[in-house]
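**Q** Next comes the structure file coords.cif, holding mmCIF, C-alpha atoms and all ligand atoms.
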data_target
#
loop_
_atom_site.group_PDB
_atom_site.id
_atom_site.type_symbol
_atom_site.label_atom_id
_atom_site.label_comp_id
_atom_site.auth_asym_id
_atom_site.auth_seq_id
_atom_site.Cartn_x
_atom_site.Cartn_y
_atom_site.Cartn_z
ATOM 1 C CA MET T 1 -6.760 24.525 -2.475
ATOM 2 C CA SER T 2 -9.239 21.685 -2.693
ATOM 3 C CA LEU T 3 -8.103 18.078 -3.094
ATOM 4 C CA CYS T 4 -10.039 16.420 -5.913
ATOM 5 C CA ARG T 5 -10.026 13.288 -8.038
ATOM 6 C CA LEU T 6 -10.759 13.289 -11.741
ATOM 7 C CA THR T 7 -11.390 10.095 -13.676
ATOM 8 C CA TYR T 8 -11.964 9.958 -17.419
ATOM 9 C CA CYS T 9 -11.764 7.532 -20.305
ATOM 10 C CA SER T 10 -10.968 7.968 -23.992
ATOM 11 C CA HIS T 11 -10.251 6.130 -27.243
ATOM 12 C CA ALA T 12 -6.602 6.032 -28.327
ATOM 13 C CA ILE T 13 -5.832 6.698 -31.968
ATOM 14 C CA PRO T 14 -5.291 3.386 -33.814
ATOM 15 C CA SER T 15 -1.638 4.178 -34.582
ATOM 16 C CA LEU T 16 -0.722 4.717 -30.920
ATOM 17 C CA ASP T 17 2.372 2.686 -30.091
ATOM 18 C CA TYR T 18 4.698 1.932 -27.209
ATOM 19 C CA GLN T 19 6.816 5.025 -27.921
ATOM 20 C CA ASP T 20 3.726 7.262 -27.786
ATOM 21 C CA LEU T 21 2.781 5.765 -24.420
ATOM 22 C CA ASN T 22 6.282 6.413 -23.116
ATOM 23 C CA ASN T 23 6.214 10.000 -24.371
ATOM 24 C CA ILE T 24 2.840 10.584 -22.701
ATOM 25 C CA LEU T 25 4.108 9.067 -19.466
ATOM 26 C CA GLU T 26 7.319 11.126 -19.406
ATOM 27 C CA LYS T 27 5.489 14.380 -20.089
ATOM 28 C CA SER T 28 2.800 13.527 -17.520
ATOM 29 C CA GLN T 29 5.346 12.763 -14.825
ATOM 30 C CA LYS T 30 7.186 16.022 -15.475
ATOM 31 C CA ASN T 31 4.094 18.246 -15.536
ATOM 32 C CA ASN T 32 2.259 16.459 -12.725
ATOM 33 C CA THR T 33 5.241 16.633 -10.379
ATOM 34 C CA THR T 34 5.349 20.409 -10.861
ATOM 35 C CA LEU T 35 1.623 20.696 -10.091
ATOM 36 C CA GLY T 36 1.496 18.155 -7.248
ATOM 37 C CA LEU T 37 -0.779 15.824 -9.232
ATOM 38 C CA THR T 38 -0.715 12.040 -8.829
ATOM 39 C CA GLY T 39 -2.493 9.158 -10.502
ATOM 40 C CA LEU T 40 -2.672 6.170 -12.785
ATOM 41 C CA LEU T 41 -3.047 5.801 -16.537
ATOM 42 C CA CYS T 42 -4.396 2.478 -17.739
ATOM 43 C CA PHE T 43 -4.245 1.520 -21.427
ATOM 44 C CA GLY T 44 -5.916 -1.482 -22.989
ATOM 45 C CA ASN T 45 -8.192 -2.581 -25.818
ATOM 46 C CA GLY T 46 -7.404 0.720 -27.600
ATOM 47 C CA MET T 47 -8.723 2.804 -24.709
ATOM 48 C CA PHE T 48 -7.441 4.866 -21.814
ATOM 49 C CA LEU T 49 -8.746 5.058 -18.277
ATOM 50 C CA GLN T 50 -6.938 7.673 -16.206
ATOM 51 C CA VAL T 51 -7.354 8.864 -12.639
ATOM 52 C CA LEU T 52 -5.732 12.116 -11.541
ATOM 53 C CA GLU T 53 -5.639 13.545 -8.031
ATOM 54 C CA GLY T 54 -4.650 16.962 -6.753
ATOM 55 C CA ASP T 55 -5.675 20.571 -6.588
ATOM 56 C CA ARG T 56 -9.019 21.233 -8.310
ATOM 57 C CA LYS T 57 -7.716 24.133 -10.375
ATOM 58 C CA PHE T 58 -4.642 22.251 -11.618
ATOM 59 C CA LEU T 59 -6.735 19.175 -12.363
ATOM 60 C CA GLY T 60 -9.116 21.245 -14.465
ATOM 61 C CA HIS T 61 -6.306 22.880 -16.424
ATOM 62 C CA THR T 62 -4.536 19.574 -16.966
ATOM 63 C CA TYR T 63 -7.691 17.801 -18.111
ATOM 64 C CA ASN T 64 -8.409 20.612 -20.598
ATOM 65 C CA ARG T 65 -4.936 20.098 -22.079
ATOM 66 C CA ILE T 66 -5.312 16.318 -22.139
ATOM 67 C CA ALA T 67 -8.718 16.490 -23.831
ATOM 68 C CA LYS T 68 -7.195 18.439 -26.742
ATOM 69 C CA ASP T 69 -4.397 15.912 -27.268
ATOM 70 C CA GLU T 70 -4.619 14.340 -30.719
ATOM 71 C CA ARG T 71 -3.286 10.986 -29.529
ATOM 72 C CA HIS T 72 -6.767 10.143 -28.264
ATOM 73 C CA HIS T 73 -10.367 11.250 -28.782
ATOM 74 C CA ASP T 74 -13.875 11.124 -27.335
ATOM 75 C CA THR T 75 -12.641 11.863 -23.817
ATOM 76 C CA GLU T 76 -15.447 11.338 -21.314
ATOM 77 C CA ILE T 77 -15.301 12.461 -17.685
ATOM 78 C CA ILE T 78 -16.458 9.673 -15.398
ATOM 79 C CA GLU T 79 -16.029 11.590 -12.143
ATOM 80 C CA PHE T 80 -14.652 14.898 -10.861
ATOM 81 C CA VAL T 81 -15.116 14.949 -7.105
ATOM 82 C CA GLU T 82 -13.651 16.374 -3.883
ATOM 83 C CA VAL T 83 -11.850 13.729 -1.815
ATOM 84 C CA ASP T 84 -10.410 13.540 1.703
ATOM 85 C CA SER T 85 -7.224 11.764 0.722
ATOM 86 C CA ARG T 86 -5.248 10.473 -2.268
ATOM 87 C CA MET T 87 -5.409 6.837 -3.312
ATOM 88 C CA PHE T 88 -2.521 6.850 -5.793
ATOM 89 C CA GLY T 89 -0.222 9.288 -4.012
ATOM 90 C CA GLU T 90 3.028 7.483 -4.742
ATOM 91 C CA TRP T 91 3.035 8.220 -8.456
ATOM 92 C CA SER T 92 3.099 11.549 -10.344
ATOM 93 C CA MET T 93 1.790 9.225 -13.066
ATOM 94 C CA LYS T 94 2.116 5.484 -13.473
ATOM 95 C CA ALA T 95 1.142 3.735 -16.686
ATOM 96 C CA LEU T 96 -0.426 0.298 -16.703
ATOM 97 C CA ASP T 97 -0.514 -1.439 -20.067
ATOM 98 C CA LEU T 98 -3.099 -4.193 -19.852
ATOM 99 C CA SER T 99 -1.188 -6.242 -22.435
ATOM 100 C CA ASP T 100 1.360 -6.812 -19.633
ATOM 101 C CA TYR T 101 -1.317 -8.661 -17.665
ATOM 102 C CA SER T 102 -2.804 -12.055 -18.485
ATOM 103 C CA LYS T 103 -5.945 -12.077 -20.645
ATOM 104 C CA GLU T 104 -7.708 -14.071 -17.915
ATOM 105 C CA LEU T 105 -7.004 -11.424 -15.288
ATOM 106 C CA VAL T 106 -8.166 -8.556 -17.528
ATOM 107 C CA LYS T 107 -11.324 -10.485 -18.352
ATOM 108 C CA LYS T 108 -11.974 -11.303 -14.702
ATOM 109 C CA LEU T 109 -11.549 -7.670 -13.579
ATOM 110 C CA SER T 110 -13.534 -6.327 -16.549
ATOM 111 C CA MET T 111 -16.424 -8.667 -15.779
ATOM 112 C CA LYS T 112 -16.250 -7.817 -12.080
ATOM 113 C CA TYR T 113 -16.473 -4.063 -12.689
ATOM 114 C CA SER T 114 -18.596 -3.825 -15.843
ATOM 115 C CA SER T 115 -21.028 -5.714 -18.023
ATOM 116 C CA ALA T 116 -18.284 -6.180 -20.649
ATOM 117 C CA THR T 117 -16.003 -9.202 -20.986
ATOM 118 C CA ASP T 118 -13.003 -7.063 -22.003
ATOM 119 C CA PHE T 119 -11.650 -3.729 -20.795
ATOM 120 C CA TYR T 120 -14.258 -1.150 -21.805
ATOM 121 C CA PRO T 121 -14.078 1.843 -19.418
ATOM 122 C CA PHE T 122 -16.940 3.656 -21.193
ATOM 123 C CA GLN T 123 -19.252 1.127 -19.547
ATOM 124 C CA MET T 124 -17.895 1.741 -16.042
ATOM 125 C CA ASN T 125 -19.341 4.148 -13.517
ATOM 126 C CA ALA T 126 -17.184 6.068 -11.039
ATOM 127 C CA LYS T 127 -17.121 3.348 -8.373
ATOM 128 C CA GLN T 128 -16.453 0.594 -10.893
ATOM 129 C CA SER T 129 -13.600 2.397 -12.637
ATOM 130 C CA LEU T 130 -12.001 3.179 -9.280
ATOM 131 C CA GLY T 131 -12.409 -0.422 -8.109
ATOM 132 C CA PHE T 132 -10.828 -1.673 -11.326
ATOM 133 C CA LEU T 133 -7.853 0.702 -10.995
ATOM 134 C CA ILE T 134 -7.344 -0.020 -7.291
ATOM 135 C CA GLU T 135 -7.181 -3.783 -7.908
ATOM 136 C CA LEU T 136 -4.634 -3.280 -10.690
ATOM 137 C CA TYR T 137 -2.680 -0.860 -8.528
ATOM 138 C CA ASP T 138 -2.590 -3.365 -5.663
ATOM 139 C CA LEU T 139 -1.456 -6.127 -8.011
ATOM 140 C CA MET T 140 1.244 -3.878 -9.422
ATOM 141 C CA ASN T 141 2.495 -3.020 -5.930
ATOM 142 C CA LYS T 142 2.581 -6.719 -4.979
ATOM 143 C CA ASN T 143 4.619 -7.492 -8.103
ATOM 144 C CA VAL T 144 7.033 -4.668 -7.320
ATOM 145 C CA ALA T 145 7.326 -5.946 -3.756
ATOM 146 C CA SER T 146 7.961 -9.539 -4.851
ATOM 147 C CA LYS T 147 10.728 -8.462 -7.269
ATOM 148 C CA SER T 148 12.636 -6.446 -4.683
HETATM 149 P P1 LIG T 201 4.194 20.148 -25.145
HETATM 150 O O1 LIG T 201 4.658 18.811 -24.671
HETATM 151 O O2 LIG T 201 5.201 21.124 -25.610
HETATM 152 O O3 LIG T 201 3.094 19.857 -26.279
HETATM 153 C C1 LIG T 201 2.502 20.920 -27.016
HETATM 154 C C2 LIG T 201 1.314 20.398 -27.783
HETATM 155 O O4 LIG T 201 1.673 19.354 -28.682
HETATM 156 C C3 LIG T 201 0.218 19.842 -26.888
HETATM 157 O O5 LIG T 201 -1.026 20.246 -27.400
HETATM 158 C C4 LIG T 201 0.374 18.343 -27.019
HETATM 159 O O6 LIG T 201 -0.872 17.680 -26.799
HETATM 160 C C5 LIG T 201 0.887 18.190 -28.451
HETATM 161 N N1 LIG T 201 1.762 17.014 -28.613
HETATM 162 C C6 LIG T 201 2.952 16.815 -28.009
HETATM 163 N N2 LIG T 201 3.495 15.668 -28.422
HETATM 164 C C7 LIG T 201 2.633 15.127 -29.307
HETATM 165 C C8 LIG T 201 2.626 13.949 -30.110
HETATM 166 N N3 LIG T 201 3.630 13.067 -30.063
HETATM 167 N N4 LIG T 201 1.567 13.722 -30.901
HETATM 168 C C9 LIG T 201 0.531 14.596 -30.965
HETATM 169 N N5 LIG T 201 0.487 15.739 -30.256
HETATM 170 C C10 LIG T 201 1.515 15.998 -29.435
HETATM 171 N N6 LIG T 201 -0.177 15.601 -19.542
HETATM 172 C C11 LIG T 201 -0.021 15.955 -18.265
HETATM 173 O O7 LIG T 201 0.547 17.012 -17.972
HETATM 174 N N7 LIG T 201 -0.459 15.151 -17.251
HETATM 175 C C12 LIG T 201 -1.109 13.974 -17.479
HETATM 176 O O8 LIG T 201 -1.469 13.275 -16.535
HETATM 177 C C13 LIG T 201 -1.331 13.598 -18.835
HETATM 178 N N8 LIG T 201 -1.982 12.458 -19.147
HETATM 179 C C14 LIG T 201 -2.237 12.168 -20.457
HETATM 180 C C15 LIG T 201 -2.995 11.048 -20.773
HETATM 181 C C16 LIG T 201 -3.295 10.749 -22.095
HETATM 182 C C17 LIG T 201 -4.148 9.548 -22.417
HETATM 183 C C18 LIG T 201 -2.786 11.564 -23.126
HETATM 184 C C19 LIG T 201 -3.086 11.232 -24.562
HETATM 185 C C20 LIG T 201 -2.031 12.677 -22.841
HETATM 186 C C21 LIG T 201 -1.735 12.987 -21.509
HETATM 187 N N9 LIG T 201 -0.970 14.096 -21.161
HETATM 188 C C22 LIG T 201 -0.815 14.457 -19.858
HETATM 189 C C23 LIG T 201 -0.321 14.915 -22.192
HETATM 190 C C24 LIG T 201 -1.151 16.140 -22.473
HETATM 191 O O9 LIG T 201 -2.218 15.806 -23.340
HETATM 192 C C25 LIG T 201 -0.294 17.211 -23.149
HETATM 193 O O10 LIG T 201 0.346 16.666 -24.281
HETATM 194 C C26 LIG T 201 0.754 17.747 -22.239
HETATM 195 O O11 LIG T 201 0.237 18.014 -20.955
HETATM 196 C C27 LIG T 201 1.296 19.036 -22.876
HETATM 197 O O12 LIG T 201 2.445 19.370 -22.204
HETATM 198 P P2 LIG T 201 3.152 20.762 -22.501
HETATM 199 O O13 LIG T 201 2.216 21.847 -22.093
HETATM 200 O O14 LIG T 201 4.472 20.735 -21.817
HETATM 201 O O15 LIG T 201 3.274 20.904 -24.060
#
Let me see the structure of the file written as structure tokens.
**A**
Amino acid sequence: MSLCRLTYCSHAIPSLDYQDLNNILEKSQKNNTTLGLTGLLCFGNGMFLQVLEGDRKFLGHTYNRIAKDERHHDTEIIEFVEVDSRMFGEWSMKALDLSDYSKELVKKLSMKYSSATDFYPFQMNAKQSLGFLIELYDLMNKNVASKS
């Protein structure tokens, strides 16, 4: 058993809607819980950026399934690396829809972590994509904390 992190990006099909996102999230949570996988799925500007953590073998199998999914295309692995600890261990899968965040914030984070002025994960390297997701994750946790 080797703890790894896999990050990839992809283009969503143009017809992808809120219901599709919910279906993906529900299925991900169910399957990932069984396999001990955790992570974040970010959707914005018609693209996905997902980070998955867990056992190397299960990550590989899961990514192979995901890459064949017809709800997105042109999947591109950004990083598949051994890690010492999880960064997103609280969630079997949590979805972040960037349309829930202000345009200014998305622009600010996109410009901080890429050369683009909008969310464009294909232009992010491993460190940048992780930095982007961690900032969103922290913001999400703060919002959850302030609501409770
Ligand atoms: P089933 O749910 O029975 O699906 C069987 C087949 O039908 C699969 O090939 C599936 O891709 C396809 N399918 C199911 N519903 C639809 C639909 N509405 N439209 C088109 N094809 C469909 N799965 C995970 O387990 N963990 C993840 O973290 C994860 N993240 C994902 C992220 C993205 C961006 C996308 C698009 C999908 C993700 N999925 C994830 C779903 C994954 O691609 C598979 O659909 C799922 O793992 C298959 O689960 P299953 O073996 O129980 O098969």
**Q** For segment 22-45 of chain T versus segment 76-98 of chain T, which residues have an atom no more than 7 Å away, and what is each residue's nearest atom pair and distance in Å rounded to one decimal, using only C-alpha atoms, chain-then-number order, as CSV?
**A**
residue,atom,partner,partner_atom,distance
T:Leu25,CA,T:Ala95,CA,6.7
T:Ser28,CA,T:Met93,CA,6.3
T:Gln29,CA,T:Ser92,CA,5.2
T:Asn32,CA,T:Ser92,CA,5.5
T:Thr33,CA,T:Ser92,CA,5.5
T:Leu37,CA,T:Ser92,CA,5.9
T:Thr38,CA,T:Ser92,CA,4.1
T:Gly39,CA,T:Met93,CA,5.0
T:Leu40,CA,T:Lys94,CA,4.9
T:Leu41,CA,T:Ala95,CA,4.7
T:Cys42,CA,T:Leu96,CA,4.6
T:Phe43,CA,T:Asp97,CA,5.0
T:Gly44,CA,T:Leu98,CA,5.0
**Q** Just want the residues within 7 Å of ligand LIG 201 (chain T), written as a list of chain:residue names, counting only C-alpha atoms and all ligand atoms.
**A**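 Residues satisfying the distance criterion: T:Asp20, T:Asn23, T:Ile24, T:Leu25, T:Lys27, T:Ser28, T:Gln29, T:Asn31, T:Asn32, T:Leu41, T:Phe48, T:Gln50, T:Leu52, T:Thr62, T:Arg65, T:Ile66, T:Ala67, T:Lys68, T:Asp69, T:Glu70, T:Arg71, T:His72, T:Met93.
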**Q** What gap, in Å, lies between atom CA of Gly46 of chain T and atom CA of Ala12 of chain T?
**A**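 Computed distance, atom CA of Gly46 of chain T to atom CA of Ala12 of chain T, equals 5.4 Å.
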**Q** Rank nothing, just name the residue among T:Lys108, T:Ala116, T:Leu21, T:Leu6 nearest to His61 of chain T, using only C-alpha atoms.
**A** T:Leu6
**Q** How far is it from atom CA of Lys30 of chain T to atom CA of Leu59 of chain T, in Å with one decimal?
**A**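 Calculated distance between atom CA of Lys30 of chain T and atom CA of Leu59 of chain T is 14.6 Å.
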**Q** I'd like the interatomic distance between atom CA of Tyr8 of chain T and atom CA of Glu104 of chain T, to a tenth of an Å.
**A** 24.4 Å
**Q** Nearest to Tyr113 of chain T among T:Phe132, T:Tyr18, T:Tyr101, T:Tyr137, with distances taken over all atoms listed in the file: which residue is it?
**A**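 Comparing T:Phe132, T:Tyr18, T:Tyr101, T:Tyr137 against Tyr113 of chain T, the winner is T:Phe132.
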**Q** Let me know the residues the PyMOL selection byres (((chain T and resi 123) around 12) and not hetatm) catches in the file above, as number ranges by chain.
**A** T: 8-10, 47, 49, 76, 78, 110-111, 113-122, 124-129
**Q** Pick out the closest residue to Gly131 of chain T from this set: T:Asn143, T:Thr34, T:Gly54, T:Thr7. Count only C-alpha atoms.
**A**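 Counting only C-alpha atoms, the residue closest to Gly131 of chain T is T:Thr7.
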**Q** Would you place a box with edges along x, y and z of the file around all atoms of segment 18-25 of chain T listed there, add 4 Å to each of its six sides, and report the centre and edge lengths in Å to one decimal, as AutoDock Vina command-line options?
**A**
--center_x 4.8 --center_y 6.3 --center_z -23.7 --size_x 12.0 --size_y 16.7 --size_z 16.5
**Q** Quick one: of T:Leu105, T:Asp74, T:Gly36, T:Val51, who's nearest to Leu130 of chain T, counting all atoms listed in the file?
**A**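 Using all atoms listed in the file, the shortest distance to Leu130 of chain T belongs to T:Val51.
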